[in-house]
file run_18.txt (compact mmCIF, C-alpha atoms)
# COMPACT_ATOMS: atom_id res chain seq x y z
CA MET T 12 0.68 -18.64 -32.90
CA THR T 13 2.23 -17.23 -29.73
CA THR T 14 3.88 -19.21 -27.00
CA GLY T 15 4.20 -18.68 -23.29
CA ARG T 16 1.56 -17.65 -20.80
CA PRO T 17 -1.66 -16.29 -22.20
CA ARG T 18 -2.22 -12.58 -21.70
CA ALA T 19 -5.05 -13.43 -19.29
CA SER T 20 -2.62 -14.71 -16.68
CA SER T 21 -1.04 -11.33 -16.04
CA ARG T 22 -1.26 -9.65 -12.67
CA GLU T 23 -3.34 -6.85 -14.14
CA VAL T 24 -5.99 -9.17 -15.58
CA LEU T 25 -6.20 -11.16 -12.34
CA SER T 26 -6.48 -7.90 -10.42
CA GLU T 27 -9.23 -6.64 -12.71
CA ALA T 28 -11.13 -9.92 -12.41
CA ALA T 29 -10.82 -9.85 -8.64
CA CYS T 30 -12.04 -6.27 -8.36
CA GLU T 31 -15.04 -7.04 -10.60
CA LEU T 32 -15.95 -10.00 -8.39
CA PHE T 33 -15.40 -8.03 -5.18
CA LEU T 34 -17.84 -5.42 -6.48
CA GLU T 35 -20.36 -8.07 -7.57
CA LYS T 36 -20.17 -10.48 -4.63
CA GLY T 37 -18.06 -8.86 -1.92
CA PHE T 38 -14.55 -9.68 -0.81
CA GLU T 39 -15.37 -12.50 1.61
CA ALA T 40 -17.79 -14.24 -0.78
CA THR T 41 -15.26 -14.26 -3.63
CA SER T 42 -12.95 -17.27 -3.86
CA ILE T 43 -9.55 -17.47 -5.46
CA THR T 44 -10.96 -20.16 -7.76
CA GLU T 45 -13.59 -17.70 -8.99
CA ILE T 46 -10.98 -15.00 -9.57
CA ALA T 47 -8.82 -17.39 -11.58
CA ALA T 48 -11.80 -18.59 -13.61
CA ARG T 49 -12.90 -15.02 -14.38
CA ALA T 50 -9.33 -14.25 -15.55
CA GLY T 51 -9.21 -17.43 -17.62
CA VAL T 52 -6.40 -19.15 -15.72
CA SER T 53 -6.05 -22.04 -13.33
CA ARG T 54 -6.16 -21.63 -9.56
CA SER T 55 -2.48 -22.59 -9.38
CA SER T 56 -1.64 -19.84 -11.89
CA PHE T 57 -3.20 -17.33 -9.49
CA PHE T 58 -0.52 -18.24 -6.95
CA ASN T 59 2.24 -17.50 -9.46
CA TYR T 60 1.29 -13.85 -9.02
CA PHE T 61 -0.39 -13.47 -5.63
CA ASP T 62 -0.20 -15.28 -2.32
CA SER T 63 -3.69 -14.22 -1.20
CA LYS T 64 -6.79 -12.29 -2.23
CA ASP T 65 -5.77 -9.22 -0.26
CA ALA T 66 -2.35 -9.17 -1.93
CA ILE T 67 -4.18 -8.17 -5.12
CA LEU T 68 -5.24 -4.92 -3.52
CA TRP T 69 -1.83 -4.04 -2.14
CA LEU T 70 0.47 -5.19 -4.97
CA SER T 71 1.76 -1.79 -6.06
CA LEU T 72 2.20 -0.38 -2.57
CA ASP T 73 3.83 -3.59 -1.29
CA HIS T 74 6.37 -3.45 -4.11
CA ARG T 75 7.18 0.14 -3.21
CA LEU T 76 7.39 -0.70 0.50
CA GLY T 77 9.94 -3.39 -0.24
CA GLN T 78 12.08 -0.78 -1.97
CA LEU T 79 11.53 1.72 0.86
CA GLU T 80 12.58 -0.73 3.55
CA SER T 81 15.89 -1.34 1.83
CA ALA T 82 16.60 2.22 0.75
CA VAL T 83 15.69 4.77 3.44
CA PRO T 84 18.83 6.85 3.89
CA PRO T 85 19.90 7.32 7.51
CA GLY T 86 18.32 10.44 8.97
CA ASP T 87 16.39 11.39 5.81
CA PRO T 88 13.09 9.49 5.82
CA VAL T 89 10.93 12.28 4.37
CA VAL T 90 12.61 12.25 0.96
CA ALA T 91 12.29 8.46 0.84
CA LEU T 92 8.59 8.71 1.73
CA GLN T 93 8.03 11.25 -1.03
CA HIS T 94 9.67 8.85 -3.50
CA LEU T 95 7.45 6.04 -2.19
CA CYS T 96 4.48 7.67 -3.88
CA ASP T 97 6.19 9.02 -7.02
CA GLY T 98 4.28 7.88 -10.08
CA PHE T 99 1.72 5.98 -8.02
CA GLU T 100 -1.11 5.22 -10.45
CA PRO T 101 -4.75 4.52 -9.69
CA ASP T 102 -4.97 0.75 -9.20
CA SER T 103 -6.89 -1.90 -7.32
CA LEU T 104 -6.05 -0.27 -3.98
CA ALA T 105 -7.57 3.06 -5.02
CA LEU T 106 -10.64 1.23 -6.36
CA ALA T 107 -10.97 -0.73 -3.11
CA LEU T 108 -10.59 2.37 -0.95
CA ILE T 109 -13.39 4.22 -2.71
CA ASN T 110 -15.61 1.12 -2.94
CA SER T 111 -14.80 -0.49 0.40
CA GLU T 112 -18.43 -0.66 1.48
CA ALA T 113 -19.67 -2.13 -1.81
CA MET T 114 -16.83 -4.66 -1.86
CA GLY T 115 -17.31 -5.60 1.79
CA LEU T 116 -13.70 -4.64 2.41
CA PHE T 117 -13.76 -2.14 5.25
CA ASP T 118 -12.40 -4.45 7.97
CA GLU T 119 -9.94 -6.14 5.60
CA LEU T 120 -8.58 -2.80 4.38
CA GLU T 121 -8.23 -1.51 7.91
CA ARG T 122 -6.30 -4.63 9.01
CA ALA T 123 -4.08 -4.70 5.93
CA ALA T 124 -3.44 -0.94 6.05
CA ALA T 125 -2.23 -1.30 9.65
CA VAL T 126 0.33 -3.88 8.51
CA ARG T 127 1.64 -1.54 5.78
CA GLN T 128 1.62 1.41 8.15
CA ALA T 129 3.73 -0.57 10.63
CA ARG T 130 6.25 -1.40 7.89
CA ILE T 131 6.60 2.27 6.98
CA ALA T 132 6.92 3.26 10.66
CA ARG T 133 9.72 0.73 11.21
CA ALA T 134 11.63 1.95 8.15
CA VAL T 135 11.38 5.59 9.23
CA ALA T 136 12.35 4.78 12.82
CA ALA T 137 15.35 2.71 11.70
CA SER T 138 16.51 5.61 9.51
CA LEU T 139 16.42 7.97 12.47
CA VAL T 140 17.97 5.57 14.97
CA ALA T 141 20.86 5.09 12.52
CA THR T 142 21.79 8.74 13.03
CA GLY T 143 21.53 8.70 16.82
CA THR T 144 17.89 9.55 17.47
CA GLY T 145 16.56 7.81 20.55
CA ALA T 146 14.39 4.77 20.02
CA VAL T 147 11.21 6.27 21.50
CA GLU T 148 11.49 9.51 19.54
CA ALA T 149 12.26 7.56 16.35
CA ALA T 150 9.27 5.26 16.91
CA VAL T 151 6.89 8.19 17.47
CA CYS T 152 8.23 9.94 14.37
CA GLY T 153 7.94 6.73 12.37
CA ALA T 154 4.33 6.22 13.46
CA ALA T 155 3.40 9.81 12.60
CA HIS T 156 5.01 9.67 9.17
CA ALA T 157 3.57 6.25 8.38
CA GLY T 158 0.13 7.51 9.31
CA ALA T 159 0.67 10.52 7.07
CA VAL T 160 1.49 8.29 4.09
CA MET T 161 -1.55 6.06 4.56
CA ILE T 162 -3.87 9.03 5.10
CA ALA T 163 -2.50 10.72 1.96
CA ILE T 164 -3.13 7.59 -0.13
CA GLU T 165 -6.68 7.28 1.16
CA ARG T 166 -7.47 10.98 0.62
CA TRP T 167 -5.99 10.78 -2.89
CA ALA T 168 -8.12 7.76 -3.75
CA ARG T 169 -11.30 9.29 -2.36
CA ALA T 170 -10.68 12.61 -4.14
CA GLY T 171 -10.55 10.73 -7.44
CA ALA T 172 -7.25 8.94 -7.94
CA GLY T 173 -5.89 10.08 -11.26
CA ARG T 174 -7.61 13.45 -10.95
CA ALA T 175 -6.17 14.43 -7.58
CA SER T 176 -2.48 14.76 -6.83
CA LEU T 177 -1.01 12.13 -4.54
CA SER T 178 2.18 14.16 -4.19
CA GLY T 179 0.11 17.14 -3.02
CA GLU T 180 -1.79 15.05 -0.47
CA LEU T 181 1.45 13.48 0.71
CA GLU T 182 3.22 16.82 1.00
CA ASN T 183 0.42 18.20 3.18
CA ALA T 184 0.30 15.12 5.42
CA LEU T 185 4.09 14.95 5.82
CA ALA T 186 4.17 18.66 6.72
CA ILE T 187 1.82 17.92 9.60
CA ALA T 188 3.88 14.92 10.72
CA ALA T 189 7.09 16.98 10.50
CA VAL T 190 6.62 18.26 14.08
CA THR T 191 7.77 14.81 15.23
CA LEU T 192 11.10 15.00 13.39
CA PRO T 193 14.10 15.27 15.72
CA THR T 194 15.34 18.84 16.15
CA ARG T 195 17.75 18.26 19.01
CA GLY T 196 21.22 16.80 18.85
CA ALA T 197 21.51 13.03 19.04
CA GLY T 198 22.64 13.21 22.65
CA ASP T 199 19.51 15.07 23.74
CA SER T 200 17.11 12.64 22.06
CA ALA T 201 18.98 9.59 23.31
CA ALA T 202 18.47 10.87 26.86
CA LEU T 203 14.71 10.44 26.39
CA ASP T 204 15.08 6.68 26.19

call {"tool": "encode", "arguments": {"input": "run_18.txt", "output": "structure tokens"}}
result
Amino acid sequence: MTTGRPRASSREVLSEAACELFLEKGFEATSITEIAARAGVSRSSFFNYFDSKDAILWLSLDHRLGQLESAVPPGDPVVALQHLCDGFEPDSLALALINSEAMGLFDELERAAAVRQARIARAVAASLVATGTGAVEAAVCGAAHAGAVMIAIERWARAGAGRASLSGELENALAIAAVTLPTRGAGDSAALD
């Protein structure tokens, strides 16, 4: 006999149960109680792993964003953004992106993606400001690069996450956003503020 939490209380099983229910009933019509019951755990156990239904969809990316926000080297956001997506596996986010209509998730995904995009933009901007880039230039660059990351993730998911290359999608998107990277000396960009 084993002790401890049953296997069914893991994040992965809760995530799988939630995605099944989102596909069956839609995001809004699915309750946390139903997710917990499908996974075979109590409602309170759900909250040991997630603080909301939408957190299920964003778990992997949110974990990576936490690391990004604390580890973007000053002046070198592109390398950090490339590492953000290293080893990113198909998960509930990829499933939700390709099934957003069936899951009734379009508006929720759009809102939640904007929050994550803003977090990436702030991290990139802070990295650039730390090396003397003006605040406006850094903010524009941050917004462009954050948009590139989110677009790459969506394109990867829609192309068949697991079959397509996220690093390839990200490389292409970051190359387009690169025109916003500072090319002048710090004094020139600071004058723009």

call {"tool": "closest_residue", "arguments": {"input": "run_18.txt", "among": "T:Ser111, T:Ser26, T:Gln93, T:Ser81", "to": "T:Ser63", "atoms": "only C-alpha atoms"}}
result
T:Ser26

call {"tool": "atom_distance", "arguments": {"input": "run_18.txt", "atom1": "atom CA of T:Asp65", "atom2": "atom CA of T:His94"}}
result
24.0 Å

call {"tool": "closest_residue", "arguments": {"input": "run_18.txt", "among": "T:Ser138, T:Ser176, T:Ser55, T:Ser21", "to": "T:Glu100", "atoms": "all atoms listed in the file"}}
result
T:Ser176

call {"tool": "atom_distance", "arguments": {"input": "run_18.txt", "atom1": "atom CA of T:Val190", "atom2": "atom CA of T:Arg122"}}
result
26.8 Å

call {"tool": "atom_distance", "arguments": {"input": "run_18.txt", "atom1": "atom CA of T:Met114", "atom2": "atom CA of T:Gly37"}}
result
4.4 Å

call {"tool": "residues_around", "arguments": {"input": "run_18.txt", "residues": "T:Leu92", "least_positions_apart": "2", "cutoff": "9 Å", "atoms": "all atoms listed in the file", "output": "mmCIF file with C-alpha atoms, in the frame of the given file"}}
result
data_model
loop_
_atom_site.group_PDB
_atom_site.id
_atom_site.type_symbol
_atom_site.label_atom_id
_atom_site.label_comp_id
_atom_site.auth_asym_id
_atom_site.auth_seq_id
_atom_site.Cartn_x
_atom_site.Cartn_y
_atom_site.Cartn_z
ATOM 1 C CA LEU T 79 11.530 1.720 0.860
ATOM 2 C CA VAL T 83 15.690 4.770 3.440
ATOM 3 C CA PRO T 88 13.090 9.490 5.820
ATOM 4 C CA VAL T 89 10.930 12.280 4.370
ATOM 5 C CA VAL T 90 12.610 12.250 0.960
ATOM 6 C CA HIS T 94 9.670 8.850 -3.500
ATOM 7 C CA LEU T 95 7.450 6.040 -2.190
ATOM 8 C CA CYS T 96 4.480 7.670 -3.880
ATOM 9 C CA ILE T 131 6.600 2.270 6.980
ATOM 10 C CA VAL T 135 11.380 5.590 9.230
ATOM 11 C CA HIS T 156 5.010 9.670 9.170
ATOM 12 C CA ALA T 157 3.570 6.250 8.380
ATOM 13 C CA VAL T 160 1.490 8.290 4.090
ATOM 14 C CA LEU T 181 1.450 13.480 0.710
ATOM 15 C CA LEU T 185 4.090 14.950 5.820
#

call {"tool": "closest_residue", "arguments": {"input": "run_18.txt", "among": "T:Ala186, T:Ala170, T:Leu177, T:Arg130", "to": "T:Gly77", "atoms": "all atoms listed in the file"}}
result
T:Arg130

call {"tool": "residues_around", "arguments": {"input": "run_18.txt", "residues": "T:Ala105", "least_positions_apart": "2", "cutoff": "12 Å", "atoms": "all atoms listed in the file", "output": "count of residues only"}}
result
33

call {"tool": "closest_residue", "arguments": {"input": "run_18.txt", "among": "T:Thr191, T:Val147, T:Ala125, T:Ala29", "to": "T:Ala66", "atoms": "only C-alpha atoms"}}
result
T:Ala29

call {"tool": "closest_residue", "arguments": {"input": "run_18.txt", "among": "T:Gly115, T:Gly86, T:Gly98, T:Gly153", "to": "T:Leu139", "atoms": "only C-alpha atoms"}}
result
T:Gly86

call {"tool": "decode", "arguments": {"input": "run_18.txt", "residues": "stretch 132-153 of chain T", "atoms": "N, CA and C atoms", "output": "JSON list (two decimals), in the first residue's frame"}}
result
[["chain", "number", "residue", "atom", "x", "y", "z"],
["T", 132, "ALA", "N", 6.97, 41.84, -21.85],
["T", 132, "ALA", "CA", 7.35, 43.19, -22.28],
["T", 132, "ALA", "C", 8.07, 43.94, -21.17],
["T", 133, "ARG", "N", 7.56, 43.83, -19.95],
["T", 133, "ARG", "CA", 8.22, 44.51, -18.81],
["T", 133, "ARG", "C", 9.61, 43.96, -18.56],
["T", 134, "ALA", "N", 9.77, 42.65, -18.65],
["T", 134, "ALA", "CA", 11.08, 42.03, -18.41],
["T", 134, "ALA", "C", 12.09, 42.47, -19.47],
["T", 135, "VAL", "N", 11.66, 42.50, -20.72],
["T", 135, "VAL", "CA", 12.55, 42.93, -21.81],
["T", 135, "VAL", "C", 12.90, 44.41, -21.62],
["T", 136, "ALA", "N", 11.91, 45.24, -21.36],
["T", 136, "ALA", "CA", 12.16, 46.67, -21.19],
["T", 136, "ALA", "C", 13.11, 46.92, -20.02],
["T", 137, "ALA", "N", 12.91, 46.24, -18.91],
["T", 137, "ALA", "CA", 13.79, 46.42, -17.75],
["T", 137, "ALA", "C", 15.23, 46.03, -18.08],
["T", 138, "SER", "N", 15.39, 44.98, -18.88],
["T", 138, "SER", "CA", 16.73, 44.55, -19.29],
["T", 138, "SER", "C", 17.43, 45.64, -20.10],
["T", 139, "LEU", "N", 16.68, 46.29, -20.96],
["T", 139, "LEU", "CA", 17.27, 47.34, -21.81],
["T", 139, "LEU", "C", 17.52, 48.63, -21.04],
["T", 140, "VAL", "N", 16.58, 49.00, -20.18],
["T", 140, "VAL", "CA", 16.75, 50.21, -19.37],
["T", 140, "VAL", "C", 17.99, 50.07, -18.48],
["T", 141, "ALA", "N", 18.25, 48.85, -18.01],
["T", 141, "ALA", "CA", 19.40, 48.61, -17.14],
["T", 141, "ALA", "C", 20.73, 48.92, -17.82],
["T", 142, "THR", "N", 20.74, 48.96, -19.14],
["T", 142, "THR", "CA", 21.98, 49.27, -19.86],
["T", 142, "THR", "C", 21.93, 50.65, -20.51],
["T", 143, "GLY", "N", 20.96, 51.48, -20.09],
["T", 143, "GLY", "CA", 20.93, 52.86, -20.54],
["T", 143, "GLY", "C", 19.99, 53.18, -21.67],
["T", 144, "THR", "N", 19.23, 52.23, -22.15],
["T", 144, "THR", "CA", 18.24, 52.51, -23.19],
["T", 144, "THR", "C", 17.14, 53.35, -22.59],
["T", 145, "GLY", "N", 16.66, 54.32, -23.34],
["T", 145, "GLY", "CA", 15.58, 55.17, -22.86],
["T", 145, "GLY", "C", 14.31, 54.38, -22.60],
["T", 146, "ALA", "N", 13.50, 54.87, -21.71],
["T", 146, "ALA", "CA", 12.30, 54.15, -21.28],
["T", 146, "ALA", "C", 11.31, 53.89, -22.42],
["T", 147, "VAL", "N", 11.11, 54.88, -23.28],
["T", 147, "VAL", "CA", 10.15, 54.71, -24.38],
["T", 147, "VAL", "C", 10.67, 53.68, -25.37],
["T", 148, "GLU", "N", 11.93, 53.79, -25.75],
["T", 148, "GLU", "CA", 12.51, 52.83, -26.69],
["T", 148, "GLU", "C", 12.47, 51.41, -26.10],
["T", 149, "ALA", "N", 12.80, 51.30, -24.82],
["T", 149, "ALA", "CA", 12.79, 49.99, -24.15],
["T", 149, "ALA", "C", 11.38, 49.41, -24.10],
["T", 150, "ALA", "N", 10.39, 50.27, -23.85],
["T", 150, "ALA", "CA", 9.00, 49.79, -23.78],
["T", 150, "ALA", "C", 8.51, 49.32, -25.15],
["T", 151, "VAL", "N", 8.86, 50.05, -26.20],
["T", 151, "VAL", "CA", 8.46, 49.65, -27.55],
["T", 151, "VAL", "C", 9.13, 48.32, -27.92],
["T", 152, "CYS", "N", 10.42, 48.21, -27.62],
["T", 152, "CYS", "CA", 11.14, 46.97, -27.89],
["T", 152, "CYS", "C", 10.55, 45.81, -27.09],
["T", 153, "GLY", "N", 10.24, 46.07, -25.83],
["T", 153, "GLY", "CA", 9.64, 45.04, -24.99],
["T", 153, "GLY", "C", 8.32, 44.56, -25.54]]
